[in-house]
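One file, my_file.cif, carrying mmCIF, C-alpha atoms and all ligand atoms:
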data_my_file
loop_
_atom_site.label_atom_id
_atom_site.label_comp_id
_atom_site.auth_asym_id
_atom_site.auth_seq_id
_atom_site.Cartn_x
_atom_site.Cartn_y
_atom_site.Cartn_z
CA MET A 1411 -263.85 0.24 -64.22
CA VAL A 1412 -265.86 1.72 -67.09
CA THR A 1413 -269.46 0.53 -67.10
CA LYS A 1414 -271.08 3.11 -69.26
CA VAL A 1415 -271.92 1.36 -72.50
CA SER A 1416 -275.65 1.09 -73.04
CA GLN A 1417 -275.71 -2.44 -74.42
CA LYS A 1418 -279.47 -2.44 -74.31
CA ALA A 1419 -279.94 0.94 -75.93
CA LYS A 1420 -281.46 0.85 -79.41
CA THR A 1421 -278.83 3.22 -80.76
CA ALA A 1422 -275.23 3.26 -79.58
CA THR A 1423 -273.25 6.48 -79.88
CA VAL A 1424 -269.71 6.76 -81.25
CA PHE A 1425 -267.27 9.69 -81.41
CA ILE A 1426 -264.38 9.42 -83.87
CA ASP A 1427 -261.53 11.57 -82.57
CA GLY A 1428 -259.66 12.42 -85.79
CA GLU A 1429 -262.80 11.90 -87.91
CA ALA A 1430 -261.47 14.01 -90.81
CA GLY A 1431 -258.29 11.92 -91.23
CA THR A 1432 -257.73 8.97 -93.57
CA THR A 1433 -258.77 6.23 -91.13
CA GLY A 1434 -261.44 8.33 -89.43
CA LEU A 1435 -263.23 9.01 -92.72
CA GLU A 1436 -263.21 5.32 -93.65
CA ILE A 1437 -264.69 4.36 -90.28
CA ARG A 1438 -267.36 7.06 -90.55
CA GLU A 1439 -268.39 5.79 -93.99
CA ARG A 1440 -268.74 2.23 -92.74
CA LEU A 1441 -270.70 3.28 -89.63
CA ALA A 1442 -273.12 5.31 -91.77
CA ALA A 1443 -274.43 1.98 -93.06
CA ILE A 1444 -275.18 0.65 -89.55
CA ARG A 1445 -278.56 1.93 -88.36
CA SER A 1446 -278.02 1.05 -84.71
CA VAL A 1447 -274.94 3.30 -84.49
CA ASN A 1448 -275.14 7.07 -84.29
CA VAL A 1449 -271.85 8.89 -85.00
CA LYS A 1450 -271.55 12.17 -83.07
CA SER A 1451 -269.24 14.65 -84.74
CA ILE A 1452 -267.29 17.42 -83.08
CA ASP A 1453 -267.41 20.99 -84.41
CA PRO A 1454 -264.41 20.95 -86.81
CA GLY A 1455 -263.12 24.19 -85.27
CA LEU A 1456 -262.92 22.46 -81.88
CA ARG A 1457 -261.36 19.19 -83.08
CA LYS A 1458 -258.15 19.83 -81.15
CA ASP A 1459 -259.80 21.45 -78.13
CA LYS A 1460 -259.33 19.23 -75.08
CA ALA A 1461 -262.44 20.36 -73.21
CA ALA A 1462 -264.66 19.91 -76.27
CA ARG A 1463 -263.21 16.44 -76.92
CA ALA A 1464 -263.72 15.47 -73.28
CA ASP A 1465 -267.36 16.58 -73.57
CA MET A 1466 -267.79 14.42 -76.69
CA MET A 1467 -266.25 11.43 -74.92
CA ARG A 1468 -268.53 11.91 -71.92
CA ASP A 1469 -271.56 11.90 -74.22
CA VAL A 1470 -270.89 8.69 -76.15
CA ASP A 1471 -270.69 4.95 -75.53
CA LEU A 1472 -267.52 4.45 -77.51
CA THR A 1473 -264.71 6.64 -78.85
CA VAL A 1474 -262.40 5.63 -81.70
CA LEU A 1475 -259.03 7.36 -81.72
CA CYS A 1476 -257.78 7.96 -85.28
CA LEU A 1477 -254.91 10.17 -84.23
CA PRO A 1478 -251.11 10.22 -84.27
CA ASP A 1479 -249.61 8.22 -81.37
CA ASP A 1480 -248.91 11.18 -79.05
CA ALA A 1481 -252.38 12.63 -79.59
CA ALA A 1482 -253.88 9.18 -78.89
CA ARG A 1483 -251.99 8.95 -75.58
CA GLU A 1484 -253.24 12.41 -74.70
CA ALA A 1485 -256.82 11.40 -75.58
CA VAL A 1486 -256.61 8.36 -73.31
CA ALA A 1487 -255.35 10.57 -70.47
CA LEU A 1488 -258.34 12.83 -71.13
CA ALA A 1489 -260.73 9.85 -70.95
CA ASP A 1490 -259.10 8.80 -67.68
CA THR A 1491 -260.18 12.12 -66.13
CA LEU A 1492 -263.84 11.19 -66.79
CA GLY A 1493 -263.97 8.24 -64.37
CA ALA A 1494 -267.20 6.26 -64.75
CA ASP A 1495 -268.30 8.63 -67.55
CA ALA A 1496 -265.43 7.50 -69.77
CA PRO A 1497 -266.47 5.74 -72.98
CA LYS A 1498 -265.10 2.47 -74.25
CA ILE A 1499 -262.09 3.21 -76.44
CA ILE A 1500 -260.64 1.77 -79.63
CA ASP A 1501 -257.23 3.21 -80.46
CA ALA A 1502 -256.29 2.93 -84.16
CA SER A 1503 -252.77 4.25 -83.51
CA THR A 1504 -249.68 2.28 -82.51
CA ALA A 1505 -249.64 3.76 -78.99
CA HIS A 1506 -251.29 0.92 -77.03
CA ARG A 1507 -250.84 -2.22 -79.13
CA ILE A 1508 -248.72 -4.06 -76.58
CA ALA A 1509 -249.70 -1.96 -73.56
CA PRO A 1510 -250.93 -3.70 -70.39
CA GLY A 1511 -254.69 -3.42 -69.90
CA TRP A 1512 -255.40 -3.20 -73.63
CA VAL A 1513 -256.89 -6.01 -75.72
CA TYR A 1514 -255.44 -6.52 -79.21
CA GLY A 1515 -258.28 -6.02 -81.66
CA PHE A 1516 -257.64 -8.85 -84.10
CA ALA A 1517 -260.75 -10.99 -83.59
CA GLU A 1518 -259.59 -13.96 -85.69
CA MET A 1519 -256.10 -14.09 -84.14
CA ALA A 1520 -256.90 -16.79 -81.57
CA PRO A 1521 -259.85 -18.68 -80.15
CA GLY A 1522 -261.42 -16.44 -77.52
CA GLN A 1523 -260.03 -13.18 -78.96
CA ALA A 1524 -263.44 -12.00 -80.21
CA ASP A 1525 -264.86 -12.62 -76.73
CA ALA A 1526 -261.96 -10.74 -75.15
CA ILE A 1527 -262.73 -7.77 -77.44
CA ARG A 1528 -266.44 -8.06 -76.63
CA GLY A 1529 -265.70 -7.74 -72.91
CA ALA A 1530 -263.01 -5.06 -73.18
CA THR A 1531 -263.18 -1.36 -72.41
CA ARG A 1532 -259.89 -0.58 -74.22
CA VAL A 1533 -258.99 -2.16 -77.52
CA ALA A 1534 -255.92 -1.47 -79.66
CA ASN A 1535 -256.70 -1.85 -83.35
CA PRO A 1536 -253.91 -3.84 -85.06
CA GLY A 1537 -251.46 -2.35 -87.54
CA CYS A 1538 -252.09 -3.14 -91.18
CA TYR A 1539 -248.81 -5.04 -91.72
CA PRO A 1540 -249.05 -7.09 -88.49
CA THR A 1541 -252.59 -8.13 -89.47
CA GLY A 1542 -251.09 -9.99 -92.45
CA GLY A 1543 -247.94 -11.20 -90.68
CA ILE A 1544 -249.62 -12.50 -87.52
CA ALA A 1545 -252.37 -14.17 -89.55
CA LEU A 1546 -249.74 -16.18 -91.44
CA ILE A 1547 -247.27 -16.98 -88.67
CA ARG A 1548 -249.25 -17.58 -85.48
CA PRO A 1549 -251.16 -20.69 -86.65
CA LEU A 1550 -247.87 -22.34 -87.66
CA VAL A 1551 -246.24 -21.59 -84.30
CA GLU A 1552 -249.32 -22.87 -82.47
CA ALA A 1553 -249.35 -26.04 -84.59
CA GLY A 1554 -245.69 -26.68 -83.70
CA ILE A 1555 -244.61 -26.53 -87.36
CA MET A 1556 -242.66 -23.32 -86.87
CA PRO A 1557 -240.44 -23.32 -83.79
CA ALA A 1558 -241.01 -20.17 -81.71
CA ASP A 1559 -237.34 -19.22 -82.19
CA TYR A 1560 -237.54 -19.60 -85.99
CA PRO A 1561 -235.68 -16.77 -87.79
CA VAL A 1562 -238.62 -15.11 -89.57
CA THR A 1563 -238.40 -12.36 -92.19
CA VAL A 1564 -241.56 -10.48 -93.15
CA ASN A 1565 -241.53 -8.46 -96.39
CA ALA A 1566 -244.41 -6.19 -97.32
CA VAL A 1567 -245.67 -3.58 -99.73
CA SER A 1568 -248.40 -1.02 -99.05
CA GLY A 1569 -250.22 1.67 -100.99
CA TYR A 1570 -249.35 5.20 -99.94
CA SER A 1571 -252.62 5.76 -98.01
CA GLY A 1572 -251.00 3.72 -95.23
CA GLY A 1573 -248.88 6.77 -94.43
CA GLY A 1574 -251.92 8.97 -93.72
CA ARG A 1575 -252.63 12.44 -94.99
CA SER A 1576 -249.05 13.70 -95.30
CA MET A 1577 -247.92 10.73 -97.41
CA ILE A 1578 -251.08 10.91 -99.53
CA GLU A 1579 -250.41 14.58 -100.23
CA ALA A 1580 -246.75 13.90 -101.11
CA TYR A 1581 -247.68 11.14 -103.59
CA GLU A 1582 -250.54 13.08 -105.10
CA ALA A 1583 -248.28 16.12 -105.55
CA GLY A 1584 -245.80 13.91 -107.44
CA SER A 1585 -243.05 14.58 -104.90
CA ALA A 1586 -242.65 11.00 -103.63
CA PRO A 1587 -240.66 8.15 -105.21
CA SER A 1588 -242.54 5.56 -107.27
CA PHE A 1589 -241.38 2.77 -104.96
CA GLU A 1590 -239.15 2.54 -101.91
CA LEU A 1591 -238.08 0.22 -99.14
CA TYR A 1592 -238.21 1.84 -95.71
CA GLY A 1593 -237.90 0.82 -92.05
CA LEU A 1594 -234.32 -0.16 -92.87
CA GLY A 1595 -233.22 0.82 -89.37
CA LEU A 1596 -235.06 -2.46 -88.55
CA GLU A 1597 -237.12 -0.71 -85.90
CA HIS A 1598 -240.41 -0.13 -87.67
CA LYS A 1599 -243.17 0.67 -85.18
CA HIS A 1600 -245.03 -2.54 -86.08
CA VAL A 1601 -242.27 -4.95 -85.04
CA PRO A 1602 -243.24 -5.14 -81.32
CA GLU A 1603 -246.84 -6.21 -82.02
CA LEU A 1604 -245.77 -8.53 -84.84
CA HIS A 1605 -243.26 -10.13 -82.47
CA LYS A 1606 -245.62 -10.44 -79.52
CA TYR A 1607 -248.79 -11.70 -81.20
CA SER A 1608 -247.21 -14.01 -83.76
CA GLY A 1609 -245.96 -16.09 -80.82
CA LEU A 1610 -242.31 -15.86 -81.84
CA VAL A 1611 -239.61 -15.60 -79.19
CA ARG A 1612 -237.02 -14.43 -81.74
CA ARG A 1613 -237.55 -10.88 -83.01
CA PRO A 1614 -238.68 -11.01 -86.67
CA ILE A 1615 -236.98 -8.92 -89.36
CA PHE A 1616 -239.53 -6.66 -91.03
CA VAL A 1617 -238.90 -4.97 -94.40
CA PRO A 1618 -241.82 -2.76 -95.49
CA SER A 1619 -242.09 -0.86 -98.74
CA VAL A 1620 -244.48 1.63 -100.27
CA GLY A 1621 -245.52 2.08 -103.88
CA ASN A 1622 -247.15 4.78 -105.96
CA TYR A 1623 -250.73 3.51 -105.71
CA HIS A 1624 -253.42 4.45 -103.22
CA LYS A 1625 -254.17 1.31 -101.26
CA GLY A 1626 -253.76 -2.45 -101.14
CA MET A 1627 -251.18 -4.54 -99.30
CA LEU A 1628 -249.18 -7.75 -99.64
CA VAL A 1629 -247.29 -9.23 -96.70
CA SER A 1630 -245.00 -12.19 -97.44
CA VAL A 1631 -242.96 -14.65 -95.39
CA PRO A 1632 -240.40 -16.87 -97.20
CA LEU A 1633 -239.76 -20.30 -95.65
CA HIS A 1634 -237.26 -23.12 -96.12
CA LEU A 1635 -239.53 -26.10 -95.51
CA ASP A 1636 -236.70 -28.42 -94.47
CA THR A 1637 -235.90 -26.12 -91.53
CA LEU A 1638 -239.42 -26.36 -90.13
CA THR A 1639 -240.47 -29.05 -87.67
CA GLY A 1640 -241.50 -32.31 -89.36
CA ASN A 1641 -240.59 -31.27 -92.92
CA PRO A 1642 -244.10 -30.02 -93.75
CA SER A 1643 -245.27 -29.80 -97.34
CA VAL A 1644 -246.98 -26.80 -98.92
CA ALA A 1645 -250.25 -28.73 -98.57
CA ASP A 1646 -249.60 -29.34 -94.85
CA ILE A 1647 -249.12 -25.62 -94.24
CA GLU A 1648 -252.19 -24.76 -96.27
CA ALA A 1649 -254.20 -27.29 -94.25
CA VAL A 1650 -253.07 -25.77 -90.93
CA LEU A 1651 -254.08 -22.28 -92.08
CA ALA A 1652 -257.38 -23.45 -93.61
CA ASN A 1653 -258.31 -25.26 -90.40
CA TYR A 1654 -257.32 -22.29 -88.22
CA TYR A 1655 -259.59 -19.88 -90.10
CA LYS A 1656 -262.38 -22.31 -91.03
CA THR A 1657 -265.05 -20.33 -89.18
CA ALA A 1658 -263.68 -16.84 -89.94
CA GLU A 1659 -265.94 -14.84 -92.24
CA LEU A 1660 -263.36 -12.25 -93.24
CA VAL A 1661 -260.24 -14.43 -93.47
CA SER A 1662 -259.93 -16.97 -96.27
CA VAL A 1663 -257.17 -19.33 -97.30
CA VAL A 1664 -256.91 -19.55 -101.08
CA THR A 1665 -255.98 -23.22 -101.33
CA GLY A 1666 -254.37 -24.81 -104.37
CA SER A 1667 -252.50 -21.64 -105.39
CA ALA A 1668 -249.06 -23.29 -105.56
CA GLY A 1669 -248.16 -24.21 -109.12
CA LYS A 1670 -251.17 -22.33 -110.49
CA ILE A 1671 -250.53 -18.71 -109.60
CA ALA A 1672 -247.12 -17.10 -110.10
CA ARG A 1673 -248.06 -13.45 -109.62
CA LEU A 1674 -250.15 -11.66 -107.05
CA GLU A 1675 -251.25 -8.07 -107.35
CA THR A 1676 -251.93 -5.82 -104.40
CA GLU A 1677 -255.26 -4.19 -105.12
CA ALA A 1678 -257.64 -7.14 -105.53
CA LEU A 1679 -259.24 -6.75 -102.07
CA ASN A 1680 -259.55 -2.97 -102.16
CA ASP A 1681 -262.83 -1.63 -100.75
CA THR A 1682 -263.40 -4.87 -98.83
CA ASP A 1683 -262.67 -5.79 -95.22
CA ARG A 1684 -261.30 -9.20 -96.20
CA LEU A 1685 -257.94 -10.86 -95.68
CA GLU A 1686 -256.71 -13.58 -98.06
CA LEU A 1687 -253.89 -15.99 -97.27
CA PHE A 1688 -251.87 -17.96 -99.84
CA VAL A 1689 -249.16 -20.60 -99.68
CA PHE A 1690 -246.84 -20.82 -102.70
CA GLY A 1691 -244.03 -23.31 -103.16
CA LYS A 1692 -242.58 -26.26 -104.98
CA PRO A 1693 -242.07 -29.64 -103.26
CA GLU A 1694 -238.74 -30.45 -104.96
CA LEU A 1695 -237.28 -27.08 -103.91
CA LYS A 1696 -238.42 -27.48 -100.29
CA GLN A 1697 -239.21 -23.79 -100.30
CA ALA A 1698 -242.43 -21.86 -99.75
CA VAL A 1699 -243.67 -18.29 -99.56
CA LEU A 1700 -246.68 -17.37 -97.44
CA VAL A 1701 -248.57 -14.30 -98.58
CA ALA A 1702 -251.37 -12.23 -97.02
CA ARG A 1703 -253.37 -9.77 -99.11
CA LEU A 1704 -255.62 -7.04 -97.68
CA ASP A 1705 -256.80 -3.48 -98.13
CA ASN A 1706 -254.62 -1.52 -95.69
CA LEU A 1707 -257.57 0.80 -95.06
CA GLY A 1708 -260.03 -2.15 -94.81
CA LYS A 1709 -259.03 -5.15 -92.69
CA GLY A 1710 -255.80 -3.21 -92.06
CA ALA A 1711 -257.56 -0.29 -90.36
CA ALA A 1712 -261.21 0.79 -90.66
CA GLY A 1713 -262.68 -2.66 -91.35
CA ALA A 1714 -261.04 -4.08 -88.23
CA ALA A 1715 -262.11 -1.03 -86.21
CA VAL A 1716 -265.76 -1.47 -87.25
CA GLN A 1717 -265.58 -5.20 -86.43
CA ASN A 1718 -264.32 -4.21 -82.97
CA ILE A 1719 -266.94 -1.48 -82.56
CA LYS A 1720 -269.69 -4.04 -83.25
CA LEU A 1721 -268.21 -6.52 -80.77
CA MET A 1722 -267.73 -3.91 -78.03
CA LEU A 1723 -271.22 -2.46 -78.48
CA GLY A 1724 -272.84 -5.88 -78.49
CA LEU A 1725 -274.03 -5.49 -82.09
CA ASN A 1726 -272.84 -8.98 -83.11
N1 LIG B 1801 -253.67 5.04 -92.88
C1 LIG B 1801 -253.62 3.75 -92.51
O1 LIG B 1801 -253.60 2.80 -93.35
C2 LIG B 1801 -253.61 3.39 -91.07
C3 LIG B 1801 -253.44 4.33 -90.06
N2 LIG B 1801 -253.46 3.92 -88.76
C4 LIG B 1801 -253.25 4.83 -87.64
O2 LIG B 1801 -254.41 5.62 -87.42
C5 LIG B 1801 -254.02 6.87 -86.91
C6 LIG B 1801 -254.57 7.94 -87.85
O3 LIG B 1801 -253.90 7.73 -89.09
P1 LIG B 1801 -254.41 8.37 -90.44
O4 LIG B 1801 -255.90 8.44 -90.45
O5 LIG B 1801 -253.73 7.64 -91.51
O6 LIG B 1801 -253.78 9.83 -90.26
P2 LIG B 1801 -254.19 11.21 -90.93
O7 LIG B 1801 -252.95 12.03 -90.87
O8 LIG B 1801 -254.85 11.01 -92.24
O9 LIG B 1801 -255.28 11.79 -89.91
C7 LIG B 1801 -254.99 12.12 -88.57
C8 LIG B 1801 -256.13 12.99 -88.04
O10 LIG B 1801 -255.85 13.31 -86.67
C9 LIG B 1801 -256.07 14.73 -86.49
N3 LIG B 1801 -255.24 15.17 -85.38
C10 LIG B 1801 -253.89 15.26 -85.33
N4 LIG B 1801 -253.48 15.70 -84.11
C11 LIG B 1801 -254.61 15.89 -83.37
C12 LIG B 1801 -254.86 16.32 -82.05
N5 LIG B 1801 -253.87 16.64 -81.22
N6 LIG B 1801 -256.15 16.38 -81.63
C13 LIG B 1801 -257.18 16.06 -82.44
N7 LIG B 1801 -257.01 15.66 -83.73
C14 LIG B 1801 -255.73 15.56 -84.19
C15 LIG B 1801 -255.65 15.32 -87.81
O11 LIG B 1801 -256.18 16.61 -87.96
P3 LIG B 1801 -255.35 17.71 -88.80
O12 LIG B 1801 -255.08 17.09 -90.14
O13 LIG B 1801 -256.26 18.85 -88.83
O14 LIG B 1801 -254.08 17.94 -88.02
C16 LIG B 1801 -256.27 14.30 -88.80
O15 LIG B 1801 -257.63 14.55 -89.01
C17 LIG B 1801 -252.50 6.92 -86.86
O16 LIG B 1801 -252.05 6.63 -85.56
C18 LIG B 1801 -252.11 5.84 -87.85
O17 LIG B 1801 -250.84 5.35 -87.54
C19 LIG B 1801 -253.70 2.63 -88.46
C20 LIG B 1801 -253.87 1.68 -89.41
C21 LIG B 1801 -253.77 1.98 -90.79
C1 LIG B 1802 -247.11 3.04 -96.02
C2 LIG B 1802 -246.93 3.47 -94.58
O1 LIG B 1802 -246.26 4.44 -94.27
N1 LIG B 1802 -247.54 2.73 -93.67
C3 LIG B 1802 -247.49 3.01 -92.25
C4 LIG B 1802 -248.20 1.99 -91.46
C5 LIG B 1802 -249.69 2.12 -91.52
C6 LIG B 1802 -250.35 1.61 -90.30
O2 LIG B 1802 -250.86 0.54 -90.18
O3 LIG B 1802 -250.25 2.42 -89.27
P1 LIG B 1802 -250.47 2.06 -87.77
O4 LIG B 1802 -249.21 1.65 -87.16
O5 LIG B 1802 -250.96 3.24 -87.11
O6 LIG B 1802 -251.41 0.96 -87.74
C7 LIG B 1802 -246.04 3.00 -91.74
O7 LIG B 1802 -245.26 2.17 -92.18
O8 LIG B 1802 -245.78 3.75 -90.79
#

Go through the file and emit its structure as structure tokens.
Amino acid sequence: MVTKVSQKAKTATVFIDGEAGTTGLEIRERLAAIRSVNVKSIDPGLRKDKAARADMMRDVDLTVLCLPDDAAREAVALADTLGADAPKIIDASTAHRIAPGWVYGFAEMAPGQADAIRGATRVANPGCYPTGGIALIRPLVEAGIMPADYPVTVNAVSGYSGGGRSMIEAYEAGSAPSFELYGLGLEHKHVPELHKYSGLVRRPIFVPSVGNYHKGMLVSVPLHLDTLTGNPSVADIEAVLANYYKTAELVSVVTGSAGKIARLETEALNDTDRLELFVFGKPELKQAVLVARLDNLGKGAAGAAVQNIKLMLGLN
């Protein structure tokens, strides 16, 4: 059991393993604005040196892993060698999102989730796409409007920063397509967490895509209203979502969008840590489309990580 975090200390210390990467840099920027957090940086020449990273972990209250999955697993194994000197860990990679012993770091996902994060020593930061998908689907399953075996399809588009440094370099060099669907093997790495935390028993179909712009994300779920339980209207669905997130500071339901808005662009929440949810539809068609909008580097990555850091360090 890790007991190291100095909850009462005036300044908490954080090591970002992978600090120079896309997500690491975003987290560092956000933490620079929090006076009670001191980020300890590793000598760049030693950033892949196991002994130096273990020393950093031993010295801090909390370590955030902003690494590829295999490197994140290796970092956790390294922390395990430290025993009671191990820091609390937030893993931004996909490696531990449905792993036993890890808490899923989506504070608004369910009542009690923020408290679970607060009390956790190991937190898996959610994927950007599942943040949108789970936020839309889970409240409907919990309300009994969407049967747990409902055949859900989640479509999404992301800016290229979601693919990390290699994708950013490919787009900025002009060697990537302007738009493409991917994950067409239907086994995108986000499906397991989307499946588990949305509350669905039937595996959802997930069709992601990436466009030639830096960041910003839309996640959408089309619905045939007459196949849902109780024939809900667009307003009913909106009311369920609005009630579910009524106390959430970062999640808002943009009510009254149906019939007023016919287009939604991806970049409106860039440089924020917010998540917006919309319900579009037309009563006579008995059809609706749920949409989540977020900055994939904000609420989809670094914003969520900083929310979790604050909870785990007792800063809010
Ligand atoms: N970009 C996004 O929108 C999101 C990303 N994530 C996840 O966060 C993690 C980091 O992604 P992202 O920041 O985009 O990736 P980047 O490729 O931009 O950065 C990864 C960083 O990890 C470093 N690194 C790689 N291998 C090792 C190692 N063995 N030891 C120490 N450092 C290492 C890299 O250093 P170097 O370049 O020198 O090799 C680089 O600084 C990934 O698991 C990703 O899936 C999660 C949510 C959203
Ligand atoms: C555009 C793009 O390539 N996006 C990434 C997902 C970004 C993300 O959220 O990665 P994590 O799983 O680490 O959270 C992808 O589809 O693999």

How close does chain A get to ligand LIG 1801 (chain B)? List, as a Markdown table, each residue of chain A within 6 Å, its nearest atom pair and the distance in Å to one decimal, counting only C-alpha atoms and all ligand atoms.
| residue | atom | partner | partner_atom | distance |
| --- | --- | --- | --- | --- |
| A:Gly1428 | CA | B:LIG1801 | O10 | 4.0 |
| A:Glu1429 | CA | B:LIG1801 | O15 | 5.9 |
| A:Ala1430 | CA | B:LIG1801 | O15 | 4.3 |
| A:Gly1431 | CA | B:LIG1801 | O9 | 3.3 |
| A:Thr1432 | CA | B:LIG1801 | O4 | 3.7 |
| A:Thr1433 | CA | B:LIG1801 | O4 | 3.7 |
| A:Gly1434 | CA | B:LIG1801 | O4 | 5.6 |
| A:Arg1457 | CA | B:LIG1801 | C13 | 5.3 |
| A:Lys1458 | CA | B:LIG1801 | N6 | 4.0 |
| A:Cys1476 | CA | B:LIG1801 | C6 | 4.1 |
| A:Leu1477 | CA | B:LIG1801 | O10 | 4.1 |
| A:Pro1478 | CA | B:LIG1801 | O16 | 3.9 |
| A:Asp1479 | CA | B:LIG1801 | O16 | 5.1 |
| A:Ala1481 | CA | B:LIG1801 | N5 | 4.6 |
| A:Ala1502 | CA | B:LIG1801 | O2 | 4.6 |
| A:Ser1503 | CA | B:LIG1801 | O16 | 3.2 |
| A:Thr1504 | CA | B:LIG1801 | O16 | 5.8 |
| A:Gly1537 | CA | B:LIG1801 | C20 | 5.1 |
| A:Cys1538 | CA | B:LIG1801 | C21 | 5.4 |
| A:Ser1571 | CA | B:LIG1801 | N1 | 5.3 |
| A:Gly1572 | CA | B:LIG1801 | O1 | 3.3 |
| A:Gly1573 | CA | B:LIG1801 | N1 | 5.3 |
| A:Gly1574 | CA | B:LIG1801 | O5 | 3.2 |
| A:Arg1575 | CA | B:LIG1801 | O8 | 3.8 |
| A:Asn1706 | CA | B:LIG1801 | O1 | 5.0 |
| A:Leu1707 | CA | B:LIG1801 | O1 | 4.8 |
| A:Gly1710 | CA | B:LIG1801 | C21 | 5.7 |
| A:Ala1711 | CA | B:LIG1801 | C20 | 4.3 |

Would you mind exporting the chosen residues as a compact mmCIF listing (two decimals), keeping the file's coordinate frame, restricted to C-alpha atoms?
# COMPACT_ATOMS: atom_id res chain seq x y z
CA GLY A 1428 -259.66 12.42 -85.79
CA GLU A 1429 -262.80 11.90 -87.91
CA ALA A 1430 -261.47 14.01 -90.81
CA GLY A 1431 -258.29 11.92 -91.23
CA THR A 1432 -257.73 8.97 -93.57
CA THR A 1433 -258.77 6.23 -91.13
CA GLY A 1434 -261.44 8.33 -89.43
CA ARG A 1457 -261.36 19.19 -83.08
CA LYS A 1458 -258.15 19.83 -81.15
CA CYS A 1476 -257.78 7.96 -85.28
CA LEU A 1477 -254.91 10.17 -84.23
CA PRO A 1478 -251.11 10.22 -84.27
CA ASP A 1479 -249.61 8.22 -81.37
CA ALA A 1481 -252.38 12.63 -79.59
CA ALA A 1502 -256.29 2.93 -84.16
CA SER A 1503 -252.77 4.25 -83.51
CA THR A 1504 -249.68 2.28 -82.51
CA GLY A 1537 -251.46 -2.35 -87.54
CA CYS A 1538 -252.09 -3.14 -91.18
CA SER A 1571 -252.62 5.76 -98.01
CA GLY A 1572 -251.00 3.72 -95.23
CA GLY A 1573 -248.88 6.77 -94.43
CA GLY A 1574 -251.92 8.97 -93.72
CA ARG A 1575 -252.63 12.44 -94.99
CA ASN A 1706 -254.62 -1.52 -95.69
CA LEU A 1707 -257.57 0.80 -95.06
CA GLY A 1710 -255.80 -3.21 -92.06
CA ALA A 1711 -257.56 -0.29 -90.36

For region 1559-1566 of chain A: contacts at 9 Å, all atoms listed in the file, fewer than 6 positions along chain excluded, given as a list in words: Tyr1539, Gly1543, Ile1547, Leu1610, Val1611, Arg1612, Arg1613, Pro1614, Ile1615, Phe1616, Val1617, Pro1618, Ser1619, Val1620, Met1627, Leu1628, Val1629, Ser1630, Val1631, Pro1632, Leu1633, Thr1637 and Leu1638 of chain A

Pick from A:Ala1645, A:Ala1526, A:Val1689, A:Ala1505 nearest to ligand LIG 1802 (chain B), counting only C-alpha atoms and all ligand atoms: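 Of A:Ala1645, A:Ala1526, A:Val1689, A:Ala1505, the one nearest ligand LIG 1802 (chain B) is A:Ala1505, counting only C-alpha atoms and all ligand atoms.
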
Counting all atoms listed in the file, the option among A:Val1644, A:Val1486, A:Ala1712, A:Ala1553 closest to ligand LIG 1802 (chain B):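 Between A:Val1644, A:Val1486, A:Ala1712, A:Ala1553, the residue approaching ligand LIG 1802 (chain B) most closely is A:Ala1712.
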
Best match for closeness to ligand LIG 1802 (chain B) among A:Gly1691, A:Gly1621, A:Pro1642, A:Gly1724, counting only C-alpha atoms and all ligand atoms: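 The closest residue to ligand LIG 1802 (chain B) is A:Gly1621.
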
Find the residues near region 1489-1494 of chain A: any atom within 12 Å, counting only C-alpha atoms, skip ones fewer than 5 places away on the same chain, and give them as a PDB file with C-alpha atoms, in the frame of the given file.
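So around-v9.pdb came out as:
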ATOM      1  CA  MET A1411    -263.850   0.240 -64.220  1.00  0.00           C
ATOM      2  CA  VAL A1412    -265.860   1.720 -67.090  1.00  0.00           C
ATOM      3  CA  THR A1413    -269.460   0.530 -67.100  1.00  0.00           C
ATOM      4  CA  LYS A1414    -271.080   3.110 -69.260  1.00  0.00           C
ATOM      5  CA  VAL A1415    -271.920   1.360 -72.500  1.00  0.00           C
ATOM      6  CA  ASP A1427    -261.530  11.570 -82.570  1.00  0.00           C
ATOM      7  CA  LYS A1460    -259.330  19.230 -75.080  1.00  0.00           C
ATOM      8  CA  ALA A1461    -262.440  20.360 -73.210  1.00  0.00           C
ATOM      9  CA  ARG A1463    -263.210  16.440 -76.920  1.00  0.00           C
ATOM     10  CA  ALA A1464    -263.720  15.470 -73.280  1.00  0.00           C
ATOM     11  CA  ASP A1465    -267.360  16.580 -73.570  1.00  0.00           C
ATOM     12  CA  MET A1466    -267.790  14.420 -76.690  1.00  0.00           C
ATOM     13  CA  MET A1467    -266.250  11.430 -74.920  1.00  0.00           C
ATOM     14  CA  ARG A1468    -268.530  11.910 -71.920  1.00  0.00           C
ATOM     15  CA  ASP A1469    -271.560  11.900 -74.220  1.00  0.00           C
ATOM     16  CA  VAL A1470    -270.890   8.690 -76.150  1.00  0.00           C
ATOM     17  CA  ASP A1471    -270.690   4.950 -75.530  1.00  0.00           C
ATOM     18  CA  LEU A1472    -267.520   4.450 -77.510  1.00  0.00           C
ATOM     19  CA  THR A1473    -264.710   6.640 -78.850  1.00  0.00           C
ATOM     20  CA  VAL A1474    -262.400   5.630 -81.700  1.00  0.00           C
ATOM     21  CA  LEU A1475    -259.030   7.360 -81.720  1.00  0.00           C
ATOM     22  CA  ALA A1482    -253.880   9.180 -78.890  1.00  0.00           C
ATOM     23  CA  ARG A1483    -251.990   8.950 -75.580  1.00  0.00           C
ATOM     24  CA  GLU A1484    -253.240  12.410 -74.700  1.00  0.00           C
ATOM     25  CA  ILE A1499    -262.090   3.210 -76.440  1.00  0.00           C
ATOM     26  CA  ILE A1500    -260.640   1.770 -79.630  1.00  0.00           C
ATOM     27  CA  THR A1531    -263.180  -1.360 -72.410  1.00  0.00           C
ATOM     28  CA  ARG A1532    -259.890  -0.580 -74.220  1.00  0.00           C
TER      29      ARG A1532
END
